[in-house]
Every structure is written in C-alpha cells, then in structure tokens.
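Notes to accompany the following structure.
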Amino acid sequence: MSATPLAGTAAVVPLSPAEEAVIRALGRLILVMPRELDADLQAEQRMSLSEYAVLRHLSESEHGRMRMNELAAACDMSMSGMTRLAAKLEAQGHLRRIRCENDARGLNAVLTDDGLARLREAWPTHLRSVRRHIVDHLEGLDLCRLATALEAMAGGAGNACQSSPHDD
C-alpha cells in the first residue's frame, strides 16, 4: 500500500514518502539479513546462524547455562525447534542437557568447553559478516539512538547501548 490514504481513513495520518521508504527497507532487511548472515556462517564455518545464536546466548549466560525454554525464547525459536537443535549441538559435543536442579521436569542447556571453542572459532566469520552487511552501512548515524529505537520496536526496554559480556 502506498502513502496515499484510502477512503474512510481520514483520521489516520498517512506515511510520508521517507517514512514509507524506511518501513519498506526495514521489512526487506528483516527478511534478507538473517539469510545473509546464515549464508556466510554456512560457507565459512559449516554452522547455521541458529547454532551460532544458541552458543552465543549460552556463553553470555550465568555459568554458561540456560533453561531450554529461556534459550528458545532468546533465540526466537519454538521449543520443538530448540529441542532438535540442542540435540544436534549435544551430539557434536557443544552443549549438554541436564535436569534442572529445582524442577525435575525442566532441562538446562549447558555450554561445553568444546562449544565455547567452536563459538570462538566461528566468531571472526560472524563479525566480518555483521560488519559487511550491517555496520559498514551505518556510518554517521547515532548508533545508540538507532539501537534504542530498534530495541523499542522489538518490545524491549532499557538501555540498548549497555556493554555486552564480550566487550572486554
């Protein structure tokens, strides 16, 4: 739909051409970017972006451990998808699944030393990909404002520019 208002929508403010351009570009980015980042990891590391995300989230968690449902949410995956991916990563020796100490029905995913080593091996590929596909195109923008706006659009709260555990 274009920025031209439809009949019966007088109370709705149409998008300006610049706003519409942002919405269209953002929609395309949401579809294209994960495929680009995944393709780079697959080509250089034989690792999917989803596998990388699991290992990264575990590496950033306290004691390298997360409940499976929390890990699935962090990776924006269904529980069945996370179960299949965790089984694959477990078979590769990158994580272990253990029963939760205070809830015998739940499972924790625990990052192994091999999993952390694999993440460190893949990290330069992912970093180059992120720089080439994203960061290199943001020169001159206020990145903290952009990060905060994107986080707000995703339903997050707080300061999007706080440091990452991997900033050291």
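Note on naming: chains are A, B, ... as they come in the structure tokens, residues start from 1 per chain, ligands start from 1 in the order shown.
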
Please provide as a PyMOL selection string all residues within 8 Å of range 113-121 of chain A, with the sequence filter that same-chain residues fewer than 2 positions apart are discarded (counting only C-alpha atoms).
-> chain A and resi 52+55-56+59+93-95+111+123-124

Got a sec: who's within 12 Å of Glu62 in chain A, counting only C-alpha atoms, leaving out chain neighbours fewer than 5 positions off, as a PyMOL selection string?
-> chain A and resi 57+67+108-111+165

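DSSP annotation of chain A from backbone atoms: strand (DSSP E or B) residues are A:Arg65, A:Met66, A:Arg67, A:Leu95, A:Arg96, A:Arg97, A:Ile98, A:Arg99, A:Leu107, A:Asn108, A:Ala109, A:Val110, A:Leu111.
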
Using DSSP on the backbone, list every residue of chain A that comes out as alpha helix (DSSP H), and give them as a ChimeraX atom specification.
-> /A:17-45,49-60,68-74,79-91,113-133,143-153

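For the pair CA of Ala87 in chain A and CA of Met47 in chain A, the separation is 14.7 Å.
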
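Separating CA of Ser16 in chain A from CA of Gly156 in chain A is a distance of 26.1 Å.
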
Surrounding residues of range 40-42 of chain A excluding itself and chain neighbours under 5 positions, 12 Å, only C-alpha atoms, as a PDB file with N, CA, C and O atoms, in the first residue's frame:
```
ATOM      1  N   MET A  33      18.420 -10.122   5.897  1.00  0.00           N
ATOM      2  CA  MET A  33      19.624 -10.134   6.734  1.00  0.00           C
ATOM      3  C   MET A  33      19.912 -11.485   7.396  1.00  0.00           C
ATOM      4  O   MET A  33      21.062 -11.947   7.353  1.00  0.00           O
ATOM      5  N   PRO A  34      18.936 -12.136   8.008  1.00  0.00           N
ATOM      6  CA  PRO A  34      19.256 -13.451   8.593  1.00  0.00           C
ATOM      7  C   PRO A  34      19.786 -14.440   7.556  1.00  0.00           C
ATOM      8  O   PRO A  34      20.708 -15.208   7.844  1.00  0.00           O
ATOM      9  N   ARG A  35      19.260 -14.395   6.342  1.00  0.00           N
ATOM     10  CA  ARG A  35      19.746 -15.304   5.289  1.00  0.00           C
ATOM     11  C   ARG A  35      21.189 -14.982   4.911  1.00  0.00           C
ATOM     12  O   ARG A  35      21.987 -15.894   4.668  1.00  0.00           O
ATOM     13  N   MET A  47      28.263 -23.856   9.879  1.00  0.00           N
ATOM     14  CA  MET A  47      27.455 -23.640  11.084  1.00  0.00           C
ATOM     15  C   MET A  47      26.297 -22.718  10.699  1.00  0.00           C
ATOM     16  O   MET A  47      26.498 -21.758   9.962  1.00  0.00           O
ATOM     17  N   SER A  48      25.111 -23.014  11.213  1.00  0.00           N
ATOM     18  CA  SER A  48      23.968 -22.145  10.933  1.00  0.00           C
ATOM     19  C   SER A  48      23.960 -20.960  11.900  1.00  0.00           C
ATOM     20  O   SER A  48      24.570 -20.999  12.973  1.00  0.00           O
ATOM     21  N   LEU A  49      23.243 -19.924  11.503  1.00  0.00           N
ATOM     22  CA  LEU A  49      23.089 -18.764  12.370  1.00  0.00           C
ATOM     23  C   LEU A  49      22.362 -19.165  13.651  1.00  0.00           C
ATOM     24  O   LEU A  49      22.674 -18.658  14.730  1.00  0.00           O
ATOM     25  N   SER A  50      21.444 -20.095  13.573  1.00  0.00           N
ATOM     26  CA  SER A  50      20.730 -20.580  14.762  1.00  0.00           C
ATOM     27  C   SER A  50      21.679 -21.294  15.723  1.00  0.00           C
ATOM     28  O   SER A  50      21.601 -21.102  16.942  1.00  0.00           O
ATOM     29  N   GLU A  51      22.565 -22.118  15.190  1.00  0.00           N
ATOM     30  CA  GLU A  51      23.559 -22.795  16.037  1.00  0.00           C
ATOM     31  C   GLU A  51      24.450 -21.766  16.717  1.00  0.00           C
ATOM     32  O   GLU A  51      24.737 -21.863  17.917  1.00  0.00           O
ATOM     33  N   TYR A  52      24.897 -20.781  15.949  1.00  0.00           N
ATOM     34  CA  TYR A  52      25.740 -19.717  16.493  1.00  0.00           C
ATOM     35  C   TYR A  52      24.998 -18.979  17.611  1.00  0.00           C
ATOM     36  O   TYR A  52      25.563 -18.716  18.670  1.00  0.00           O
ATOM     37  N   ALA A  53      23.722 -18.671  17.382  1.00  0.00           N
ATOM     38  CA  ALA A  53      22.934 -17.939  18.376  1.00  0.00           C
ATOM     39  C   ALA A  53      22.813 -18.723  19.682  1.00  0.00           C
ATOM     40  O   ALA A  53      22.942 -18.158  20.768  1.00  0.00           O
ATOM     41  N   LEU A 119      32.403 -21.668  19.261  1.00  0.00           N
ATOM     42  CA  LEU A 119      31.903 -20.299  19.150  1.00  0.00           C
ATOM     43  C   LEU A 119      33.049 -19.334  18.860  1.00  0.00           C
ATOM     44  O   LEU A 119      32.950 -18.480  17.976  1.00  0.00           O
ATOM     45  N   GLU A 121      35.818 -20.004  17.433  1.00  0.00           N
ATOM     46  CA  GLU A 121      36.295 -20.277  16.073  1.00  0.00           C
ATOM     47  C   GLU A 121      35.406 -19.587  15.034  1.00  0.00           C
ATOM     48  O   GLU A 121      35.895 -19.056  14.031  1.00  0.00           O
ATOM     49  N   ALA A 122      34.093 -19.588  15.260  1.00  0.00           N
ATOM     50  CA  ALA A 122      33.138 -19.019  14.301  1.00  0.00           C
ATOM     51  C   ALA A 122      32.991 -17.508  14.437  1.00  0.00           C
ATOM     52  O   ALA A 122      32.562 -16.841  13.497  1.00  0.00           O
ATOM     53  N   TRP A 123      33.350 -16.972  15.595  1.00  0.00           N
ATOM     54  CA  TRP A 123      33.122 -15.556  15.872  1.00  0.00           C
ATOM     55  C   TRP A 123      33.743 -14.622  14.829  1.00  0.00           C
ATOM     56  O   TRP A 123      33.054 -13.694  14.365  1.00  0.00           O
ATOM     57  N   PRO A 124      34.991 -14.800  14.393  1.00  0.00           N
ATOM     58  CA  PRO A 124      35.533 -13.863  13.394  1.00  0.00           C
ATOM     59  C   PRO A 124      34.731 -13.851  12.084  1.00  0.00           C
ATOM     60  O   PRO A 124      34.539 -12.795  11.480  1.00  0.00           O
ATOM     61  N   THR A 125      34.256 -15.001  11.661  1.00  0.00           N
ATOM     62  CA  THR A 125      33.428 -15.069  10.450  1.00  0.00           C
ATOM     63  C   THR A 125      32.159 -14.269  10.645  1.00  0.00           C
ATOM     64  O   THR A 125      31.761 -13.478   9.782  1.00  0.00           O
ATOM     65  N   HIS A 126      31.502 -14.476  11.784  1.00  0.00           N
ATOM     66  CA  HIS A 126      30.253 -13.764  12.059  1.00  0.00           C
ATOM     67  C   HIS A 126      30.508 -12.259  12.169  1.00  0.00           C
ATOM     68  O   HIS A 126      29.740 -11.458  11.624  1.00  0.00           O
ATOM     69  N   LEU A 127      31.585 -11.883  12.828  1.00  0.00           N
ATOM     70  CA  LEU A 127      31.906 -10.462  12.979  1.00  0.00           C
ATOM     71  C   LEU A 127      32.134  -9.818  11.610  1.00  0.00           C
ATOM     72  O   LEU A 127      31.608  -8.737  11.323  1.00  0.00           O
ATOM     73  N   ARG A 128      32.912 -10.457  10.752  1.00  0.00           N
ATOM     74  CA  ARG A 128      33.138  -9.911   9.404  1.00  0.00           C
ATOM     75  C   ARG A 128      31.814  -9.764   8.648  1.00  0.00           C
ATOM     76  O   ARG A 128      31.575  -8.760   7.961  1.00  0.00           O
ATOM     77  N   SER A 129      30.953 -10.750   8.782  1.00  0.00           N
ATOM     78  CA  SER A 129      29.663 -10.734   8.102  1.00  0.00           C
ATOM     79  C   SER A 129      28.795  -9.585   8.618  1.00  0.00           C
ATOM     80  O   SER A 129      28.198  -8.840   7.834  1.00  0.00           O
ATOM     81  N   VAL A 130      28.725  -9.438   9.923  1.00  0.00           N
ATOM     82  CA  VAL A 130      27.927  -8.366  10.524  1.00  0.00           C
ATOM     83  C   VAL A 130      28.464  -7.000  10.102  1.00  0.00           C
ATOM     84  O   VAL A 130      27.698  -6.090   9.770  1.00  0.00           O
ATOM     85  N   ARG A 131      29.770  -6.857  10.110  1.00  0.00           N
ATOM     86  CA  ARG A 131      30.355  -5.577   9.675  1.00  0.00           C
ATOM     87  C   ARG A 131      30.015  -5.290   8.214  1.00  0.00           C
ATOM     88  O   ARG A 131      29.584  -4.198   7.869  1.00  0.00           O
ATOM     89  N   ARG A 132      30.217  -6.284   7.334  1.00  0.00           N
ATOM     90  CA  ARG A 132      29.991  -6.087   5.899  1.00  0.00           C
ATOM     91  C   ARG A 132      28.527  -5.810   5.581  1.00  0.00           C
ATOM     92  O   ARG A 132      28.205  -4.921   4.797  1.00  0.00           O
ATOM     93  N   HIS A 133      27.613  -6.567   6.196  1.00  0.00           N
ATOM     94  CA  HIS A 133      26.197  -6.462   5.846  1.00  0.00           C
ATOM     95  C   HIS A 133      25.449  -5.381   6.621  1.00  0.00           C
ATOM     96  O   HIS A 133      24.408  -4.921   6.161  1.00  0.00           O
TER      97      HIS A 133
END
```

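Across the model, the gap from CA of Glu36 in chain A to CA of Arg97 in chain A is 29.9 Å.
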
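Counting only C-alpha atoms, the residue from A:Cys161, A:Leu146, A:Ala104, A:Ala74 that sits nearest to Leu58 in chain A is A:Ala74.
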
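Considering only C-alpha atoms, the residue among A:Ala21, A:Arg105, A:His137, A:Thr112 positioned nearest to Gln92 in chain A is A:Thr112.
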
Which residues come within 12 Å of Ala154 in chain A, counting only C-alpha atoms, excluding same-chain residues fewer than 5 positions away, as an MDAnalysis selection string?
-> chainID A and resid 30 76 147:149 160

Selection above as a file: C-alpha atoms, as a PDB file, in the first residue's frame:
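Final file, part22.pdb:
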```pdb
ATOM      1  CA  ILE A  30      14.087  -8.357   8.310  1.00  0.00           C
ATOM      2  CA  ASP A  76      13.230 -16.756  18.838  1.00  0.00           C
ATOM      3  CA  ALA A 147      19.845   0.582  18.846  1.00  0.00           C
ATOM      4  CA  THR A 148      17.393   2.035  21.360  1.00  0.00           C
ATOM      5  CA  ALA A 149      14.768   2.607  18.651  1.00  0.00           C
ATOM      6  CA  ALA A 160      20.231  -0.836  24.284  1.00  0.00           C
TER       7      ALA A 160
END
```
